[in-house]
Amino acid sequence: MITSNGYVLDERPERLGRLEAVPLALRDDKDALWERLRSDGYLYLSDHLDAELVRDFRAYYFGKLAPTGLVQPDSAREGIDSSEDVDLALTRRVLFDDVVPGDRYAALTSHPAIRGWFRWFLGDDVHLHKRRIIRHTRPGETGIGTATQAHYDLVYLREGTDRVLSMWIPLGDCSVENGGLAYLEGSHHRVLAQERAGTLRMPAASITADLPGLAEEYDARWLINDYRAGDVMVHSAHIVHASTDNVDPERRIRLSTDIRYQRVSDPIDWRWQEHWFDGDGL
């Protein structure tokens, strides 16, 4: 069973599929990657990062949050949920005052394998938006505010270029049961066409948790996969995506981050140039 925000995803072949990773033979072919991004709306780059780099950051993150009661004792590297109540005030302080503005998170999100790749792919000096989001989802958490509802990123980036690219990084192995990201197949083509025509009916107020209903409306499949530490997803600002609930039987907490890069020569959304903080309203 695959759920998102309390909904069961339709598992019929016409409504559920698997993401396709970019073949290794195409990884250095920029033109082929651009063609694939325009066609699919995403690039699934498996093993793009050093898996140990990712696992070390996961251990750092859960080590920082261990005093909140989030993880079982001595399980920071794996991030096993404690099944206990946590100190939410302390969680917010550690996350927004320490982790988010900290050097370890900055080093990860600006790593040469990330910044250098965007510089190569975009063919220009690049800008990383300072507002970078890192989330953990505990097993059994459901409902709005936990798993991310269906949306496309341009909804939140109206003050800058529409050529911004997002990278979603699972911070550790992330199986379907653990609650990874799902993409609505081909949805960017419809969103782009409606954006150009001014007929789009999906503003921020209409973002939905009804993933099966949205798949029916778009006559499309939700694409999912089992991600591994080191995998990354690069996607356009127009493709509709969402996350699924964490129903991991081993009670591993799902941890991920999403960041945005663009050319420095393109307009930059000024609202995204401060650290992510609790209640920033974006």
# chains A, B, ... in the order shown; residues from 1 in each chain; ligands from 1
$ select_by_dssp --residues "stretch 22-260 of chain A" --states "helix (DSSP H, G or I)" --output "VMD selection string"
chain A and resid 24 to 26 30 to 40 51 to 68 88 to 99 103 to 109 112 to 122 153 to 156 187 to 197 204 to 206 211 to 218
$ closest_residue --among "A:Ala89, A:Asp47, A:His111, A:Phe96" --to "A:Pro67" --atoms "only C-alpha atoms"
A:Ala89
$ closest_residue --among "A:Thr244, A:Ser256, A:Asn225, A:Gln273" --to "A:Ser46" --atoms "only C-alpha atoms"
A:Asn225
$ residues_around --residues "A:Asp173" --least-positions-apart "4" --cutoff "7 Å" --atoms "only C-alpha atoms" --output "JSON, numbers by chain"
{"A": [227, 228, 229]}
$ closest_residue --among "A:Tyr60, A:Glu217, A:Leu49, A:Trp34" --to "A:Arg115" --atoms "only C-alpha atoms"
A:Leu49
$ closest_residue --among "A:Leu24, A:Leu37, A:Leu43, A:Val126" --to "A:Gln262" --atoms "only C-alpha atoms"
A:Val126
$ residues_around --residues "A:His275" --least-positions-apart "5" --cutoff "9 Å" --atoms "only C-alpha atoms" --output "list in words"
Phe96, Val100, Pro101, His129, Lys130, Arg131, Arg132 and Ile133 of chain A
$ write_last_selection --atoms "C-alpha atoms" --output "mmCIF file, in the first residue's frame"
data_model
loop_
_atom_site.group_PDB
_atom_site.id
_atom_site.type_symbol
_atom_site.label_atom_id
_atom_site.label_comp_id
_atom_site.auth_asym_id
_atom_site.auth_seq_id
_atom_site.Cartn_x
_atom_site.Cartn_y
_atom_site.Cartn_z
ATOM 1 C CA PHE A 96 16.242 26.754 12.505
ATOM 2 C CA VAL A 100 19.682 25.239 8.608
ATOM 3 C CA PRO A 101 22.162 28.162 8.888
ATOM 4 C CA HIS A 129 18.803 30.111 -3.302
ATOM 5 C CA LYS A 130 19.548 30.676 0.372
ATOM 6 C CA ARG A 131 16.117 29.336 1.363
ATOM 7 C CA ARG A 132 16.895 25.604 1.450
ATOM 8 C CA ILE A 133 14.399 23.208 2.993
#
$ residues_around --residues "stretch 185-188 of chain A" --least-positions-apart "3" --cutoff "9 Å" --atoms "only C-alpha atoms" --output "ChimeraX atom specification"
/A:17,38-41,152,191-193,215,218,220-223,236-241
$ write_last_selection --atoms "N, CA, C and O atoms" --output "PDB file, in the first residue's frame"
ATOM      1  N   GLY A  17       3.612   4.261 -11.928  1.00  0.00           N
ATOM      2  CA  GLY A  17       4.761   3.760 -12.665  1.00  0.00           C
ATOM      3  C   GLY A  17       6.055   4.024 -11.917  1.00  0.00           C
ATOM      4  O   GLY A  17       6.058   4.490 -10.774  1.00  0.00           O
ATOM      5  N   ARG A  38      13.470  18.334 -20.850  1.00  0.00           N
ATOM      6  CA  ARG A  38      12.317  18.946 -21.516  1.00  0.00           C
ATOM      7  C   ARG A  38      11.213  17.925 -21.755  1.00  0.00           C
ATOM      8  O   ARG A  38      10.030  18.233 -21.635  1.00  0.00           O
ATOM      9  N   SER A  39      11.604  16.700 -22.085  1.00  0.00           N
ATOM     10  CA  SER A  39      10.615  15.656 -22.367  1.00  0.00           C
ATOM     11  C   SER A  39       9.950  15.129 -21.104  1.00  0.00           C
ATOM     12  O   SER A  39       8.719  15.024 -21.036  1.00  0.00           O
ATOM     13  N   ASP A  40      10.763  14.819 -20.077  1.00  0.00           N
ATOM     14  CA  ASP A  40      10.249  14.145 -18.883  1.00  0.00           C
ATOM     15  C   ASP A  40       9.948  15.091 -17.728  1.00  0.00           C
ATOM     16  O   ASP A  40       9.192  14.739 -16.822  1.00  0.00           O
ATOM     17  N   GLY A  41      10.595  16.266 -17.718  1.00  0.00           N
ATOM     18  CA  GLY A  41      10.410  17.201 -16.609  1.00  0.00           C
ATOM     19  C   GLY A  41      11.321  16.934 -15.429  1.00  0.00           C
ATOM     20  O   GLY A  41      11.334  17.714 -14.474  1.00  0.00           O
ATOM     21  N   TYR A 152       3.590  22.389  -8.029  1.00  0.00           N
ATOM     22  CA  TYR A 152       4.772  22.594  -8.861  1.00  0.00           C
ATOM     23  C   TYR A 152       5.477  23.835  -8.320  1.00  0.00           C
ATOM     24  O   TYR A 152       4.853  24.751  -7.796  1.00  0.00           O
ATOM     25  N   VAL A 191       1.107  22.097 -17.578  1.00  0.00           N
ATOM     26  CA  VAL A 191       1.292  23.305 -16.776  1.00  0.00           C
ATOM     27  C   VAL A 191       1.899  24.422 -17.622  1.00  0.00           C
ATOM     28  O   VAL A 191       1.443  25.570 -17.583  1.00  0.00           O
ATOM     29  N   LEU A 192       2.930  24.099 -18.412  1.00  0.00           N
ATOM     30  CA  LEU A 192       3.559  25.099 -19.268  1.00  0.00           C
ATOM     31  C   LEU A 192       2.570  25.677 -20.275  1.00  0.00           C
ATOM     32  O   LEU A 192       2.523  26.897 -20.485  1.00  0.00           O
ATOM     33  N   ALA A 193       1.791  24.809 -20.893  1.00  0.00           N
ATOM     34  CA  ALA A 193       0.817  25.278 -21.883  1.00  0.00           C
ATOM     35  C   ALA A 193      -0.231  26.181 -21.245  1.00  0.00           C
ATOM     36  O   ALA A 193      -0.606  27.219 -21.815  1.00  0.00           O
ATOM     37  N   ALA A 215      -4.337  12.462 -10.663  1.00  0.00           N
ATOM     38  CA  ALA A 215      -3.917  11.559 -11.731  1.00  0.00           C
ATOM     39  C   ALA A 215      -5.056  11.335 -12.728  1.00  0.00           C
ATOM     40  O   ALA A 215      -4.832  11.276 -13.941  1.00  0.00           O
ATOM     41  N   TYR A 218      -5.444  14.550 -14.861  1.00  0.00           N
ATOM     42  CA  TYR A 218      -4.371  14.681 -15.850  1.00  0.00           C
ATOM     43  C   TYR A 218      -4.274  13.467 -16.765  1.00  0.00           C
ATOM     44  O   TYR A 218      -3.502  13.480 -17.720  1.00  0.00           O
ATOM     45  N   ALA A 220      -2.856  10.609 -16.086  1.00  0.00           N
ATOM     46  CA  ALA A 220      -1.415  10.368 -16.011  1.00  0.00           C
ATOM     47  C   ALA A 220      -1.102   9.418 -14.862  1.00  0.00           C
ATOM     48  O   ALA A 220      -1.959   9.098 -14.038  1.00  0.00           O
ATOM     49  N   ARG A 221       0.155   8.989 -14.811  1.00  0.00           N
ATOM     50  CA  ARG A 221       0.631   8.114 -13.741  1.00  0.00           C
ATOM     51  C   ARG A 221       1.455   8.909 -12.738  1.00  0.00           C
ATOM     52  O   ARG A 221       2.155   9.849 -13.106  1.00  0.00           O
ATOM     53  N   TRP A 222       1.380   8.501 -11.478  1.00  0.00           N
ATOM     54  CA  TRP A 222       2.352   8.956 -10.503  1.00  0.00           C
ATOM     55  C   TRP A 222       3.568   8.052 -10.614  1.00  0.00           C
ATOM     56  O   TRP A 222       3.459   6.814 -10.592  1.00  0.00           O
ATOM     57  N   LEU A 223       4.761   8.651 -10.737  1.00  0.00           N
ATOM     58  CA  LEU A 223       6.003   7.906 -10.890  1.00  0.00           C
ATOM     59  C   LEU A 223       6.763   7.911  -9.568  1.00  0.00           C
ATOM     60  O   LEU A 223       6.988   8.963  -8.978  1.00  0.00           O
ATOM     61  N   SER A 236      12.161  20.383 -13.200  1.00  0.00           N
ATOM     62  CA  SER A 236      11.778  21.710 -13.656  1.00  0.00           C
ATOM     63  C   SER A 236      10.834  22.349 -12.651  1.00  0.00           C
ATOM     64  O   SER A 236      10.276  21.677 -11.773  1.00  0.00           O
ATOM     65  N   ALA A 237      10.630  23.647 -12.813  1.00  0.00           N
ATOM     66  CA  ALA A 237       9.727  24.378 -11.921  1.00  0.00           C
ATOM     67  C   ALA A 237       8.267  24.135 -12.254  1.00  0.00           C
ATOM     68  O   ALA A 237       7.384  24.638 -11.557  1.00  0.00           O
ATOM     69  N   HIS A 238       7.999  23.341 -13.305  1.00  0.00           N
ATOM     70  CA  HIS A 238       6.630  23.177 -13.777  1.00  0.00           C
ATOM     71  C   HIS A 238       6.043  21.785 -13.550  1.00  0.00           C
ATOM     72  O   HIS A 238       4.837  21.602 -13.696  1.00  0.00           O
ATOM     73  N   ILE A 239       6.860  20.799 -13.217  1.00  0.00           N
ATOM     74  CA  ILE A 239       6.330  19.444 -13.068  1.00  0.00           C
ATOM     75  C   ILE A 239       5.663  19.293 -11.700  1.00  0.00           C
ATOM     76  O   ILE A 239       6.185  19.741 -10.674  1.00  0.00           O
ATOM     77  N   VAL A 240       4.499  18.673 -11.677  1.00  0.00           N
ATOM     78  CA  VAL A 240       3.740  18.455 -10.443  1.00  0.00           C
ATOM     79  C   VAL A 240       4.346  17.268  -9.700  1.00  0.00           C
ATOM     80  O   VAL A 240       4.605  16.210 -10.287  1.00  0.00           O
ATOM     81  N   HIS A 241       4.569  17.457  -8.403  1.00  0.00           N
ATOM     82  CA  HIS A 241       5.157  16.388  -7.600  1.00  0.00           C
ATOM     83  C   HIS A 241       4.595  16.451  -6.182  1.00  0.00           C
ATOM     84  O   HIS A 241       3.965  17.431  -5.785  1.00  0.00           O
TER      85      HIS A 241
END
$ residues_around --residues "A:Lys30" --least-positions-apart "6" --cutoff "10 Å" --atoms "only C-alpha atoms" --output "PyMOL selection string"
chain A and resi 36+120-123
$ write_last_selection --atoms "all heavy atoms" --output "JSON list (two decimals), in the first residue's frame"
[["chain", "number", "residue", "atom", "x", "y", "z"],
["A", 36, "ARG", "N", 16.13, 15.30, -22.43],
["A", 36, "ARG", "CA", 15.41, 14.44, -21.49],
["A", 36, "ARG", "C", 14.64, 15.27, -20.47],
["A", 36, "ARG", "O", 13.49, 14.95, -20.14],
["A", 36, "ARG", "CB", 16.42, 13.52, -20.80],
["A", 36, "ARG", "CG", 15.81, 12.34, -20.07],
["A", 36, "ARG", "CD", 16.92, 11.48, -19.47],
["A", 36, "ARG", "NE", 16.38, 10.31, -18.81],
["A", 36, "ARG", "CZ", 16.37, 9.09, -19.34],
["A", 36, "ARG", "NH1", 16.89, 8.89, -20.55],
["A", 36, "ARG", "NH2", 15.87, 8.07, -18.67],
["A", 120, "TRP", "N", 27.99, 23.39, -14.85],
["A", 120, "TRP", "CA", 28.21, 22.71, -16.14],
["A", 120, "TRP", "C", 26.91, 22.62, -16.94],
["A", 120, "TRP", "O", 26.87, 22.96, -18.12],
["A", 120, "TRP", "CB", 28.77, 21.31, -15.88],
["A", 120, "TRP", "CG", 28.77, 20.43, -17.09],
["A", 120, "TRP", "CD1", 29.66, 20.46, -18.14],
["A", 120, "TRP", "CD2", 27.83, 19.38, -17.40],
["A", 120, "TRP", "NE1", 29.32, 19.51, -19.08],
["A", 120, "TRP", "CE2", 28.21, 18.83, -18.64],
["A", 120, "TRP", "CE3", 26.71, 18.87, -16.74],
["A", 120, "TRP", "CZ2", 27.51, 17.79, -19.24],
["A", 120, "TRP", "CZ3", 26.01, 17.83, -17.33],
["A", 120, "TRP", "CH2", 26.42, 17.29, -18.57],
["A", 121, "PHE", "N", 25.84, 22.20, -16.28],
["A", 121, "PHE", "CA", 24.58, 21.96, -16.98],
["A", 121, "PHE", "C", 23.96, 23.27, -17.49],
["A", 121, "PHE", "O", 23.43, 23.32, -18.61],
["A", 121, "PHE", "CB", 23.62, 21.24, -16.04],
["A", 121, "PHE", "CG", 22.35, 20.77, -16.72],
["A", 121, "PHE", "CD1", 22.39, 19.88, -17.76],
["A", 121, "PHE", "CD2", 21.10, 21.23, -16.28],
["A", 121, "PHE", "CE1", 21.22, 19.43, -18.38],
["A", 121, "PHE", "CE2", 19.94, 20.80, -16.88],
["A", 121, "PHE", "CZ", 19.99, 19.89, -17.94],
["A", 122, "LEU", "N", 24.01, 24.31, -16.67],
["A", 122, "LEU", "CA", 23.41, 25.59, -17.05],
["A", 122, "LEU", "C", 24.34, 26.46, -17.88],
["A", 122, "LEU", "O", 23.90, 27.46, -18.45],
["A", 122, "LEU", "CB", 22.97, 26.34, -15.79],
["A", 122, "LEU", "CG", 21.83, 25.69, -15.00],
["A", 122, "LEU", "CD1", 21.60, 26.43, -13.68],
["A", 122, "LEU", "CD2", 20.54, 25.63, -15.81],
["A", 123, "GLY", "N", 25.60, 26.12, -17.96],
["A", 123, "GLY", "CA", 26.54, 26.84, -18.80],
["A", 123, "GLY", "C", 26.79, 28.27, -18.36],
["A", 123, "GLY", "O", 26.99, 29.16, -19.20]]
$ residues_around --residues "A:Val264" --least-positions-apart "2" --cutoff "8 Å" --atoms "only C-alpha atoms" --output "short mmCIF file (atom, residue, chain, number, x, y, z; two decimals) with N, CA, C and O atoms, in the first residue's frame"
data_model
loop_
_atom_site.label_atom_id
_atom_site.label_comp_id
_atom_site.auth_asym_id
_atom_site.auth_seq_id
_atom_site.Cartn_x
_atom_site.Cartn_y
_atom_site.Cartn_z
N ASP A 124 26.79 28.49 -17.05
CA ASP A 124 26.96 29.85 -16.53
C ASP A 124 27.33 29.74 -15.05
O ASP A 124 27.21 28.67 -14.45
N ASP A 125 27.77 30.85 -14.48
CA ASP A 125 27.87 30.89 -13.03
C ASP A 125 26.47 30.72 -12.46
O ASP A 125 25.47 31.15 -13.07
N VAL A 126 26.39 30.10 -11.29
CA VAL A 126 25.08 29.75 -10.76
C VAL A 126 24.85 30.35 -9.38
O VAL A 126 25.79 30.69 -8.66
N HIS A 127 23.58 30.47 -9.04
CA HIS A 127 23.14 31.00 -7.75
C HIS A 127 22.32 29.94 -7.04
O HIS A 127 21.37 29.39 -7.60
N GLN A 262 19.97 28.35 -10.15
CA GLN A 262 19.65 29.02 -11.40
C GLN A 262 20.89 29.76 -11.89
O GLN A 262 21.88 29.88 -11.17
N ASP A 266 20.00 35.35 -14.61
CA ASP A 266 18.53 35.39 -14.66
C ASP A 266 17.98 36.09 -13.43
O ASP A 266 18.63 36.12 -12.37
N PRO A 267 16.74 36.66 -13.52
CA PRO A 267 16.13 37.32 -12.35
C PRO A 267 16.01 36.37 -11.17
O PRO A 267 15.64 35.20 -11.33
N ILE A 268 16.33 36.86 -9.98
CA ILE A 268 16.33 36.06 -8.76
C ILE A 268 15.18 36.48 -7.86
O ILE A 268 14.98 37.68 -7.63
#
$ select_by_dssp --residues "stretch 56-228 of chain A" --states "strand (DSSP E)" --output "mmCIF file with N, CA and C atoms, in the first residue's frame"
data_model
loop_
_atom_site.group_PDB
_atom_site.id
_atom_site.type_symbol
_atom_site.label_atom_id
_atom_site.label_comp_id
_atom_site.auth_asym_id
_atom_site.auth_seq_id
_atom_site.Cartn_x
_atom_site.Cartn_y
_atom_site.Cartn_z
ATOM 1 N N VAL A 126 26.388 30.104 -11.288
ATOM 2 C CA VAL A 126 25.075 29.747 -10.761
ATOM 3 C C VAL A 126 24.851 30.354 -9.380
ATOM 4 N N HIS A 127 23.576 30.470 -9.044
ATOM 5 C CA HIS A 127 23.142 30.996 -7.754
ATOM 6 C C HIS A 127 22.322 29.936 -7.038
ATOM 7 N N LEU A 128 22.695 29.618 -5.801
ATOM 8 C CA LEU A 128 21.916 28.726 -4.943
ATOM 9 C C LEU A 128 21.021 29.578 -4.066
ATOM 10 N N ILE A 133 15.339 23.874 2.095
ATOM 11 C CA ILE A 133 14.399 23.208 2.993
ATOM 12 C C ILE A 133 14.893 21.794 3.300
ATOM 13 N N ILE A 134 14.911 21.460 4.580
ATOM 14 C CA ILE A 134 15.275 20.106 5.008
ATOM 15 C C ILE A 134 14.150 19.589 5.895
ATOM 16 N N ARG A 135 13.691 18.379 5.598
ATOM 17 C CA ARG A 135 12.513 17.839 6.299
ATOM 18 C C ARG A 135 12.785 16.416 6.776
ATOM 19 N N HIS A 136 12.215 16.094 7.926
ATOM 20 C CA HIS A 136 12.153 14.699 8.339
ATOM 21 C C HIS A 136 10.693 14.335 8.573
ATOM 22 N N THR A 137 10.365 13.091 8.222
ATOM 23 C CA THR A 137 9.001 12.588 8.403
ATOM 24 C C THR A 137 9.067 11.281 9.172
ATOM 25 N N LEU A 165 15.918 25.571 -11.420
ATOM 26 C CA LEU A 165 15.845 24.117 -11.322
ATOM 27 C C LEU A 165 15.943 23.699 -9.864
ATOM 28 N N SER A 166 15.152 22.716 -9.513
ATOM 29 C CA SER A 166 15.170 22.176 -8.149
ATOM 30 C C SER A 166 15.960 20.872 -8.119
ATOM 31 N N MET A 167 16.610 20.631 -6.984
ATOM 32 C CA MET A 167 17.229 19.326 -6.732
ATOM 33 C C MET A 167 16.678 18.793 -5.421
ATOM 34 N N TRP A 168 16.120 17.603 -5.473
ATOM 35 C CA TRP A 168 15.638 16.912 -4.278
ATOM 36 C C TRP A 168 16.635 15.811 -3.952
ATOM 37 N N ILE A 169 17.101 15.799 -2.694
ATOM 38 C CA ILE A 169 18.136 14.856 -2.274
ATOM 39 C C ILE A 169 17.616 14.019 -1.116
ATOM 40 N N PRO A 170 17.401 12.718 -1.313
ATOM 41 C CA PRO A 170 17.090 11.856 -0.166
ATOM 42 C C PRO A 170 18.345 11.675 0.673
ATOM 43 N N LEU A 181 9.723 10.987 -3.018
ATOM 44 C CA LEU A 181 9.030 11.936 -3.884
ATOM 45 C C LEU A 181 8.397 11.193 -5.056
ATOM 46 N N ALA A 182 7.204 11.648 -5.450
ATOM 47 C CA ALA A 182 6.483 11.100 -6.604
ATOM 48 C C ALA A 182 6.222 12.228 -7.590
ATOM 49 N N TYR A 183 6.316 11.911 -8.880
ATOM 50 C CA TYR A 183 6.125 12.905 -9.938
ATOM 51 C C TYR A 183 4.941 12.511 -10.808
ATOM 52 N N LEU A 184 4.122 13.506 -11.172
ATOM 53 C CA LEU A 184 2.982 13.260 -12.046
ATOM 54 C C LEU A 184 3.472 13.311 -13.491
ATOM 55 N N TRP A 222 1.380 8.501 -11.478
ATOM 56 C CA TRP A 222 2.352 8.956 -10.503
ATOM 57 C C TRP A 222 3.568 8.052 -10.614
ATOM 58 N N LEU A 223 4.761 8.651 -10.737
ATOM 59 C CA LEU A 223 6.003 7.906 -10.890
ATOM 60 C C LEU A 223 6.763 7.911 -9.568
ATOM 61 N N ILE A 224 7.160 6.742 -9.113
ATOM 62 C CA ILE A 224 7.809 6.571 -7.813
ATOM 63 C C ILE A 224 9.055 5.708 -7.984
#
$ closest_residue --among "A:Arg15, A:Thr257, A:Thr91, A:Val234" --to "A:Leu33" --atoms "only C-alpha atoms"
A:Val234
$ closest_residue --among "A:Asp50, A:Glu141, A:Asp258, A:Asp231" --to "A:Asn246" --atoms "only C-alpha atoms"
A:Glu141
$ atom_distance --atom1 "atom CA of A:Arg92" --atom2 "atom CA of A:Glu159"
27.8 Å
$ decode --residues "stretch 71-88 of chain A" --atoms "C-alpha atoms" --output "compact mmCIF listing (two decimals), in the first residue's frame"
# COMPACT_ATOMS: atom_id res chain seq x y z
CA VAL A 71 15.46 8.96 17.60
CA GLN A 72 16.20 5.79 19.51
CA PRO A 73 19.40 5.97 21.58
CA ASP A 74 22.55 5.27 19.56
CA SER A 75 20.61 5.19 16.27
CA ALA A 76 21.55 8.59 14.86
CA ARG A 77 23.28 7.16 11.79
CA GLU A 78 20.20 5.17 10.82
CA GLY A 79 17.63 7.62 12.16
CA ILE A 80 15.34 5.07 13.81
CA ASP A 81 12.24 6.69 15.25
CA SER A 82 11.88 6.61 19.02
CA SER A 83 8.08 6.21 18.89
CA GLU A 84 7.98 8.75 21.72
CA ASP A 85 6.80 12.34 22.02
CA VAL A 86 9.44 14.89 21.10
CA ASP A 87 10.27 18.33 22.44
CA LEU A 88 8.89 20.42 19.56
